[in-house]
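Listing of my_file.pdb, PDB, C-alpha atoms
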ATOM      1  CA  MET A 168      11.738  18.865 -11.912  1.00  0.00           C
ATOM      2  CA  ASN A 169      11.975  16.511  -8.958  1.00  0.00           C
ATOM      3  CA  GLN A 170      11.613  12.799  -9.383  1.00  0.00           C
ATOM      4  CA  PHE A 171       8.721  11.371  -7.383  1.00  0.00           C
ATOM      5  CA  GLN A 172      10.192   8.749  -5.021  1.00  0.00           C
ATOM      6  CA  LEU A 173       8.887   6.443  -2.293  1.00  0.00           C
ATOM      7  CA  THR A 174      11.360   5.263   0.357  1.00  0.00           C
ATOM      8  CA  SER A 175      11.277   3.394   3.649  1.00  0.00           C
ATOM      9  CA  PRO A 176      13.688   2.714   6.505  1.00  0.00           C
ATOM     10  CA  ASP A 177      11.864  -0.619   6.998  1.00  0.00           C
ATOM     11  CA  ILE A 178      11.726  -2.159   3.523  1.00  0.00           C
ATOM     12  CA  LYS A 179      14.131  -1.977   0.602  1.00  0.00           C
ATOM     13  CA  GLU A 180      13.562  -2.302  -3.146  1.00  0.00           C
ATOM     14  CA  GLY A 181      13.819  -5.959  -4.182  1.00  0.00           C
ATOM     15  CA  HIS A 182      14.649  -7.163  -0.663  1.00  0.00           C
ATOM     16  CA  PHE A 183      12.896  -9.607   1.641  1.00  0.00           C
ATOM     17  CA  MET A 184      10.632  -7.972   4.259  1.00  0.00           C
ATOM     18  CA  ALA A 185      10.972  -8.702   7.973  1.00  0.00           C
ATOM     19  CA  LYS A 186       8.351 -10.850   9.721  1.00  0.00           C
ATOM     20  CA  THR A 187       7.203  -7.582  11.348  1.00  0.00           C
ATOM     21  CA  PHE A 188       5.229  -6.948   8.166  1.00  0.00           C
ATOM     22  CA  GLU A 189       3.585 -10.400   7.994  1.00  0.00           C
ATOM     23  CA  PHE A 190      -0.182 -10.651   8.421  1.00  0.00           C
ATOM     24  CA  ASN A 191      -1.714 -12.177  11.552  1.00  0.00           C
ATOM     25  CA  GLY A 192      -4.345 -14.585  10.208  1.00  0.00           C
ATOM     26  CA  PHE A 193      -4.867 -16.838   7.166  1.00  0.00           C
ATOM     27  CA  GLY A 194      -2.229 -19.169   8.667  1.00  0.00           C
ATOM     28  CA  CYS A 195       0.296 -16.371   9.248  1.00  0.00           C
ATOM     29  CA  ASP A 196       1.337 -15.187  12.704  1.00  0.00           C
ATOM     30  CA  GLY A 197       3.236 -11.943  12.164  1.00  0.00           C
ATOM     31  CA  PRO A 198       2.714  -8.656  14.040  1.00  0.00           C
ATOM     32  CA  ASN A 199       0.994  -7.180  10.935  1.00  0.00           C
ATOM     33  CA  LYS A 200       2.641  -3.764  11.133  1.00  0.00           C
ATOM     34  CA  SER A 201       2.731  -1.449   8.140  1.00  0.00           C
ATOM     35  CA  PRO A 202       6.232  -0.203   7.320  1.00  0.00           C
ATOM     36  CA  ALA A 203       7.261   3.426   7.685  1.00  0.00           C
ATOM     37  CA  LEU A 204       7.025   5.157   4.300  1.00  0.00           C
ATOM     38  CA  SER A 205       8.013   8.589   3.021  1.00  0.00           C
ATOM     39  CA  TRP A 206       7.816  10.288  -0.359  1.00  0.00           C
ATOM     40  CA  THR A 207       9.466  13.242  -2.032  1.00  0.00           C
ATOM     41  CA  GLY A 208       9.306  15.027  -5.374  1.00  0.00           C
ATOM     42  CA  ALA A 209       5.538  14.993  -5.864  1.00  0.00           C
ATOM     43  CA  PRO A 210       4.457  16.478  -9.198  1.00  0.00           C
ATOM     44  CA  ALA A 211       3.293  20.097  -9.370  1.00  0.00           C
ATOM     45  CA  GLY A 212      -0.467  20.281  -8.918  1.00  0.00           C
ATOM     46  CA  THR A 213      -0.666  17.458  -6.355  1.00  0.00           C
ATOM     47  CA  LYS A 214      -3.633  18.088  -4.049  1.00  0.00           C
ATOM     48  CA  SER A 215      -3.768  14.703  -2.311  1.00  0.00           C
ATOM     49  CA  PHE A 216      -2.093  11.311  -2.196  1.00  0.00           C
ATOM     50  CA  ALA A 217      -3.240   7.716  -2.096  1.00  0.00           C
ATOM     51  CA  LEU A 218      -1.253   4.693  -0.995  1.00  0.00           C
ATOM     52  CA  THR A 219      -1.760   1.109  -2.111  1.00  0.00           C
ATOM     53  CA  VAL A 220      -0.053  -2.200  -1.400  1.00  0.00           C
ATOM     54  CA  PHE A 221      -0.620  -4.883  -4.016  1.00  0.00           C
ATOM     55  CA  ASP A 222       0.687  -8.443  -4.473  1.00  0.00           C
ATOM     56  CA  PRO A 223       0.565  -9.308  -8.191  1.00  0.00           C
ATOM     57  CA  ASP A 224       1.815 -12.853  -7.451  1.00  0.00           C
ATOM     58  CA  ALA A 225      -1.131 -13.983  -5.307  1.00  0.00           C
ATOM     59  CA  PRO A 226      -2.771 -17.110  -6.766  1.00  0.00           C
ATOM     60  CA  THR A 227      -6.120 -15.403  -7.338  1.00  0.00           C
ATOM     61  CA  GLY A 228      -6.124 -14.511 -11.025  1.00  0.00           C
ATOM     62  CA  SER A 229      -6.366 -10.849 -10.021  1.00  0.00           C
ATOM     63  CA  GLY A 230      -3.612 -10.294  -7.459  1.00  0.00           C
ATOM     64  CA  PHE A 231      -4.272  -9.299  -3.852  1.00  0.00           C
ATOM     65  CA  TRP A 232      -4.785  -5.805  -2.398  1.00  0.00           C
ATOM     66  CA  HIS A 233      -3.227  -5.465   1.069  1.00  0.00           C
ATOM     67  CA  TRP A 234      -3.843  -1.784   1.790  1.00  0.00           C
ATOM     68  CA  LEU A 235      -5.769   1.058   0.157  1.00  0.00           C
ATOM     69  CA  VAL A 236      -5.563   4.551   1.618  1.00  0.00           C
ATOM     70  CA  VAL A 237      -7.040   7.548  -0.192  1.00  0.00           C
ATOM     71  CA  ASP A 238      -7.523  11.258   0.469  1.00  0.00           C
ATOM     72  CA  ILE A 239      -4.154  11.707   2.198  1.00  0.00           C
ATOM     73  CA  PRO A 240      -3.698  15.498   2.412  1.00  0.00           C
ATOM     74  CA  ALA A 241      -1.014  16.988   0.142  1.00  0.00           C
ATOM     75  CA  THR A 242       0.741  18.351   3.257  1.00  0.00           C
ATOM     76  CA  ILE A 243       1.590  14.784   4.348  1.00  0.00           C
ATOM     77  CA  SER A 244       4.777  13.172   3.031  1.00  0.00           C
ATOM     78  CA  ASP A 245       5.243  10.194   5.337  1.00  0.00           C
ATOM     79  CA  LEU A 246       3.513   7.534   7.388  1.00  0.00           C
ATOM     80  CA  ALA A 247       5.036   6.089  10.550  1.00  0.00           C
ATOM     81  CA  GLN A 248       5.512   2.360  11.059  1.00  0.00           C
ATOM     82  CA  GLY A 249       2.183   0.944  12.227  1.00  0.00           C
ATOM     83  CA  ALA A 250       0.108   3.782  10.688  1.00  0.00           C
ATOM     84  CA  GLY A 251      -1.923   1.098   8.946  1.00  0.00           C
ATOM     85  CA  ASN A 252      -3.445   0.047  12.234  1.00  0.00           C
ATOM     86  CA  GLY A 253      -5.699   3.058  12.730  1.00  0.00           C
ATOM     87  CA  GLU A 254      -3.046   5.794  12.905  1.00  0.00           C
ATOM     88  CA  LEU A 255      -3.650   7.534   9.571  1.00  0.00           C
ATOM     89  CA  PRO A 256      -3.432  11.321   9.186  1.00  0.00           C
ATOM     90  CA  ALA A 257      -6.607  13.369   9.616  1.00  0.00           C
ATOM     91  CA  GLY A 258      -8.665  13.323   6.437  1.00  0.00           C
ATOM     92  CA  ALA A 259      -7.186  10.075   5.074  1.00  0.00           C
ATOM     93  CA  ARG A 260      -9.520   7.128   4.498  1.00  0.00           C
ATOM     94  CA  ALA A 261      -8.600   3.452   4.478  1.00  0.00           C
ATOM     95  CA  LEU A 262     -10.788   1.295   2.232  1.00  0.00           C
ATOM     96  CA  ARG A 263     -11.484  -2.435   2.416  1.00  0.00           C
ATOM     97  CA  ASN A 264      -8.595  -4.646   1.286  1.00  0.00           C
ATOM     98  CA  ASP A 265      -8.827  -8.226   0.020  1.00  0.00           C
ATOM     99  CA  TYR A 266      -8.653  -9.554   3.589  1.00  0.00           C
ATOM    100  CA  GLY A 267     -11.938  -7.695   4.160  1.00  0.00           C
ATOM    101  CA  LEU A 268     -10.254  -5.186   6.508  1.00  0.00           C
ATOM    102  CA  THR A 269      -9.656  -1.456   6.323  1.00  0.00           C
ATOM    103  CA  ASP A 270      -6.401  -1.728   8.305  1.00  0.00           C
ATOM    104  CA  PHE A 271      -3.103  -2.710   6.712  1.00  0.00           C
ATOM    105  CA  GLY A 272      -2.985  -6.409   5.847  1.00  0.00           C
ATOM    106  CA  GLY A 273       0.556  -7.731   5.831  1.00  0.00           C
ATOM    107  CA  ALA A 274       2.235 -10.283   3.619  1.00  0.00           C
ATOM    108  CA  CYS A 275       0.910 -13.847   3.812  1.00  0.00           C
ATOM    109  CA  PRO A 276       1.753 -15.801   0.670  1.00  0.00           C
ATOM    110  CA  PRO A 277       0.783 -19.485   0.658  1.00  0.00           C
ATOM    111  CA  PRO A 278       3.527 -21.723   2.101  1.00  0.00           C
ATOM    112  CA  GLY A 279       5.785 -23.056  -0.642  1.00  0.00           C
ATOM    113  CA  HIS A 280       4.303 -20.722  -3.280  1.00  0.00           C
ATOM    114  CA  GLY A 281       7.613 -18.968  -3.800  1.00  0.00           C
ATOM    115  CA  MET A 282       8.596 -15.335  -3.639  1.00  0.00           C
ATOM    116  CA  HIS A 283       5.828 -12.756  -3.834  1.00  0.00           C
ATOM    117  CA  ARG A 284       6.281  -9.092  -4.702  1.00  0.00           C
ATOM    118  CA  TYR A 285       4.602  -6.434  -2.575  1.00  0.00           C
ATOM    119  CA  GLN A 286       4.205  -3.191  -4.510  1.00  0.00           C
ATOM    120  CA  PHE A 287       3.907  -0.202  -2.188  1.00  0.00           C
ATOM    121  CA  THR A 288       2.735   2.690  -4.390  1.00  0.00           C
ATOM    122  CA  VAL A 289       2.077   6.322  -3.535  1.00  0.00           C
ATOM    123  CA  TRP A 290      -0.158   8.090  -6.037  1.00  0.00           C
ATOM    124  CA  ALA A 291      -0.209  11.872  -6.584  1.00  0.00           C
ATOM    125  CA  LEU A 292      -3.683  13.176  -7.370  1.00  0.00           C
ATOM    126  CA  PRO A 293      -4.870  16.509  -8.793  1.00  0.00           C
ATOM    127  CA  SER A 294      -7.883  16.699  -6.448  1.00  0.00           C
ATOM    128  CA  GLU A 295      -8.307  16.738  -2.669  1.00  0.00           C
ATOM    129  CA  GLY A 296     -10.186  13.445  -2.752  1.00  0.00           C
ATOM    130  CA  LEU A 297     -10.405  10.417  -5.012  1.00  0.00           C
ATOM    131  CA  GLY A 298     -14.209  10.551  -5.039  1.00  0.00           C
ATOM    132  CA  VAL A 299     -14.894   6.900  -4.288  1.00  0.00           C
ATOM    133  CA  PRO A 300     -17.399   5.703  -1.674  1.00  0.00           C
ATOM    134  CA  ASP A 301     -16.196   4.044   1.530  1.00  0.00           C
ATOM    135  CA  ASP A 302     -17.419   0.674   0.243  1.00  0.00           C
ATOM    136  CA  ALA A 303     -15.655   0.902  -3.144  1.00  0.00           C
ATOM    137  CA  SER A 304     -13.980  -2.324  -4.223  1.00  0.00           C
ATOM    138  CA  ALA A 305     -10.206  -2.468  -4.567  1.00  0.00           C
ATOM    139  CA  ALA A 306     -10.623  -2.838  -8.339  1.00  0.00           C
ATOM    140  CA  VAL A 307     -12.652   0.392  -8.523  1.00  0.00           C
ATOM    141  CA  VAL A 308     -10.060   2.212  -6.394  1.00  0.00           C
ATOM    142  CA  GLY A 309      -7.272   0.924  -8.653  1.00  0.00           C
ATOM    143  CA  PHE A 310      -9.211   2.002 -11.744  1.00  0.00           C
ATOM    144  CA  MET A 311      -9.819   5.505 -10.377  1.00  0.00           C
ATOM    145  CA  LEU A 312      -6.186   5.883  -9.306  1.00  0.00           C
ATOM    146  CA  ASN A 313      -4.906   4.880 -12.740  1.00  0.00           C
ATOM    147  CA  ALA A 314      -7.422   7.171 -14.433  1.00  0.00           C
ATOM    148  CA  ASN A 315      -6.640  10.239 -12.311  1.00  0.00           C
ATOM    149  CA  ALA A 316      -3.073  10.106 -10.981  1.00  0.00           C
ATOM    150  CA  ILE A 317      -0.628  12.746 -12.157  1.00  0.00           C
ATOM    151  CA  GLY A 318       2.269  10.679 -10.835  1.00  0.00           C
ATOM    152  CA  LYS A 319       3.117   7.579  -8.863  1.00  0.00           C
ATOM    153  CA  ALA A 320       6.144   6.081  -7.147  1.00  0.00           C
ATOM    154  CA  THR A 321       6.526   2.403  -6.260  1.00  0.00           C
ATOM    155  CA  LEU A 322       8.756   0.508  -3.845  1.00  0.00           C
ATOM    156  CA  THR A 323       8.611  -3.276  -4.301  1.00  0.00           C
ATOM    157  CA  ALA A 324       9.635  -5.590  -1.454  1.00  0.00           C
ATOM    158  CA  THR A 325       9.395  -9.382  -1.390  1.00  0.00           C
ATOM    159  CA  TYR A 326       8.215 -12.099   0.984  1.00  0.00           C
ATOM    160  CA  ALA A 327       7.824 -15.890   1.002  1.00  0.00           C
ATOM    161  CA  ARG A 328       6.856 -18.621   3.479  1.00  0.00           C
TER     162      ARG A 328
END
Output the file's structure as structure tokens, nothing else.
Amino acid sequence: MNQFQLTSPDIKEGHFMAKTFEFNGFGCDGPNKSPALSWTGAPAGTKSFALTVFDPDAPTGSGFWHWLVVDIPATISDLAQGAGNGELPAGARALRNDYGLTDFGGACPPPGHGMHRYQFTVWALPSEGLGVPDDASAAVVGFMLNANAIGKATLTATYAR
């Protein structure tokens, strides 16, 4: 059995992300590009994927969702750098993140708040769609992913200002 893994040429596990992946707004002035991501070893029975980016260190009491993509066809195993800016594969849907956007929202921790972790997670799903409406909240998407995923792989990068 293969081990489900998420990798990137742009970000590394436990390492500081480049400014390329910083948000443009909320006091940040980065290019707001999503990193290139690829995954291998999906569990048998995978019929679609989802991708989330979550900052558990955001001072909100509930973390901060930076990107939520669902209904990625099972034939897809990578996303190019910048895919989060309207370049998703056919059939994939981006849902509203905590910035209020459907595009990727890059890192933007408060200045002086210390190091934040950004958890990029690909979820393997046993159905062709997650079955959530386009206006589903990030919490509902997270709930449905945890309830239905047959596997997940996470790559955690860091960022601070």
Hey, what comes out of the PyMOL selection byres ((chain A and resi 213) around 7) on this file? Could you write it as a VMD selection string? chain A and resid 209 to 212 214 to 215 241 291 to 293
Would you save the residues from that selection as a PDB file, keeping the file's coordinate frame, using C-alpha atoms?
ATOM      1  CA  ALA A 209       5.538  14.993  -5.864  1.00  0.00           C
ATOM      2  CA  PRO A 210       4.457  16.478  -9.198  1.00  0.00           C
ATOM      3  CA  ALA A 211       3.293  20.097  -9.370  1.00  0.00           C
ATOM      4  CA  GLY A 212      -0.467  20.281  -8.918  1.00  0.00           C
ATOM      5  CA  LYS A 214      -3.633  18.088  -4.049  1.00  0.00           C
ATOM      6  CA  SER A 215      -3.768  14.703  -2.311  1.00  0.00           C
ATOM      7  CA  ALA A 241      -1.014  16.988   0.142  1.00  0.00           C
ATOM      8  CA  ALA A 291      -0.209  11.872  -6.584  1.00  0.00           C
ATOM      9  CA  LEU A 292      -3.683  13.176  -7.370  1.00  0.00           C
ATOM     10  CA  PRO A 293      -4.870  16.509  -8.793  1.00  0.00           C
TER      11      PRO A 293
END
Of A:Glu295, A:Asp301, A:Glu189, A:Asp222, the one nearest to A:Arg260 when counting only C-alpha atoms is A:Asp301
Atom CA of A:Phe221 to atom CA of A:Thr207 measures 20.8 Å
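Closest approach to A:Phe190 among A:Gly273, A:Pro240, A:Gly249, A:Pro223 is made by A:Gly273 (distances from all atoms listed in the file).
Take atom CA of A:Asp196 and atom CA of A:Gly279: the distance between them is 16.1 Å.
Using all atoms listed in the file, the nearest neighbour of A:Ala305 within the list A:Phe183, A:Trp232, A:Trp206, A:Phe188 is A:Trp232.
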A straight line from atom CA of A:Ser201 to atom CA of A:Ser294 spans 25.6 Å
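Evaluating the PyMOL selection byres ((chain A and resi 234) around 10) against the shown model yields A:Ser201, A:Leu218, A:Thr219, A:Val220, A:Phe221, A:Phe231, A:Trp232, A:His233, A:Leu235, A:Val236, A:Gly251, A:Ala261, A:Leu262, A:Arg263, A:Asn264, A:Asp265, A:Tyr266, A:Leu268, A:Thr269, A:Asp270, A:Phe271, A:Gly272, A:Gly273, A:Phe287, A:Ala305.
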Quiz item: Which residues fall under the PyMOL selection byres ((chain A and resi 289) around 6) in this file, as an MDAnalysis selection string?
Solution: chainID A and resid 217:218 288 290 319:320
With distances taken over all atoms listed in the file, the candidate from A:Gln172, A:Lys200, A:Thr187, A:Ile317 nearest A:Gly253 is A:Lys200
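If all atoms listed in the file are the atoms counted, then among A:Ala225, A:Ala314, A:Val299, A:Ala306 the closest residue to A:Ala327 is A:Ala225.
Each of A:Gly318, A:Gly267, A:Gly230, A:Gly281 was checked against A:Ala303 using all atoms listed in the file; the smallest atom-to-atom distance is that of A:Gly267.
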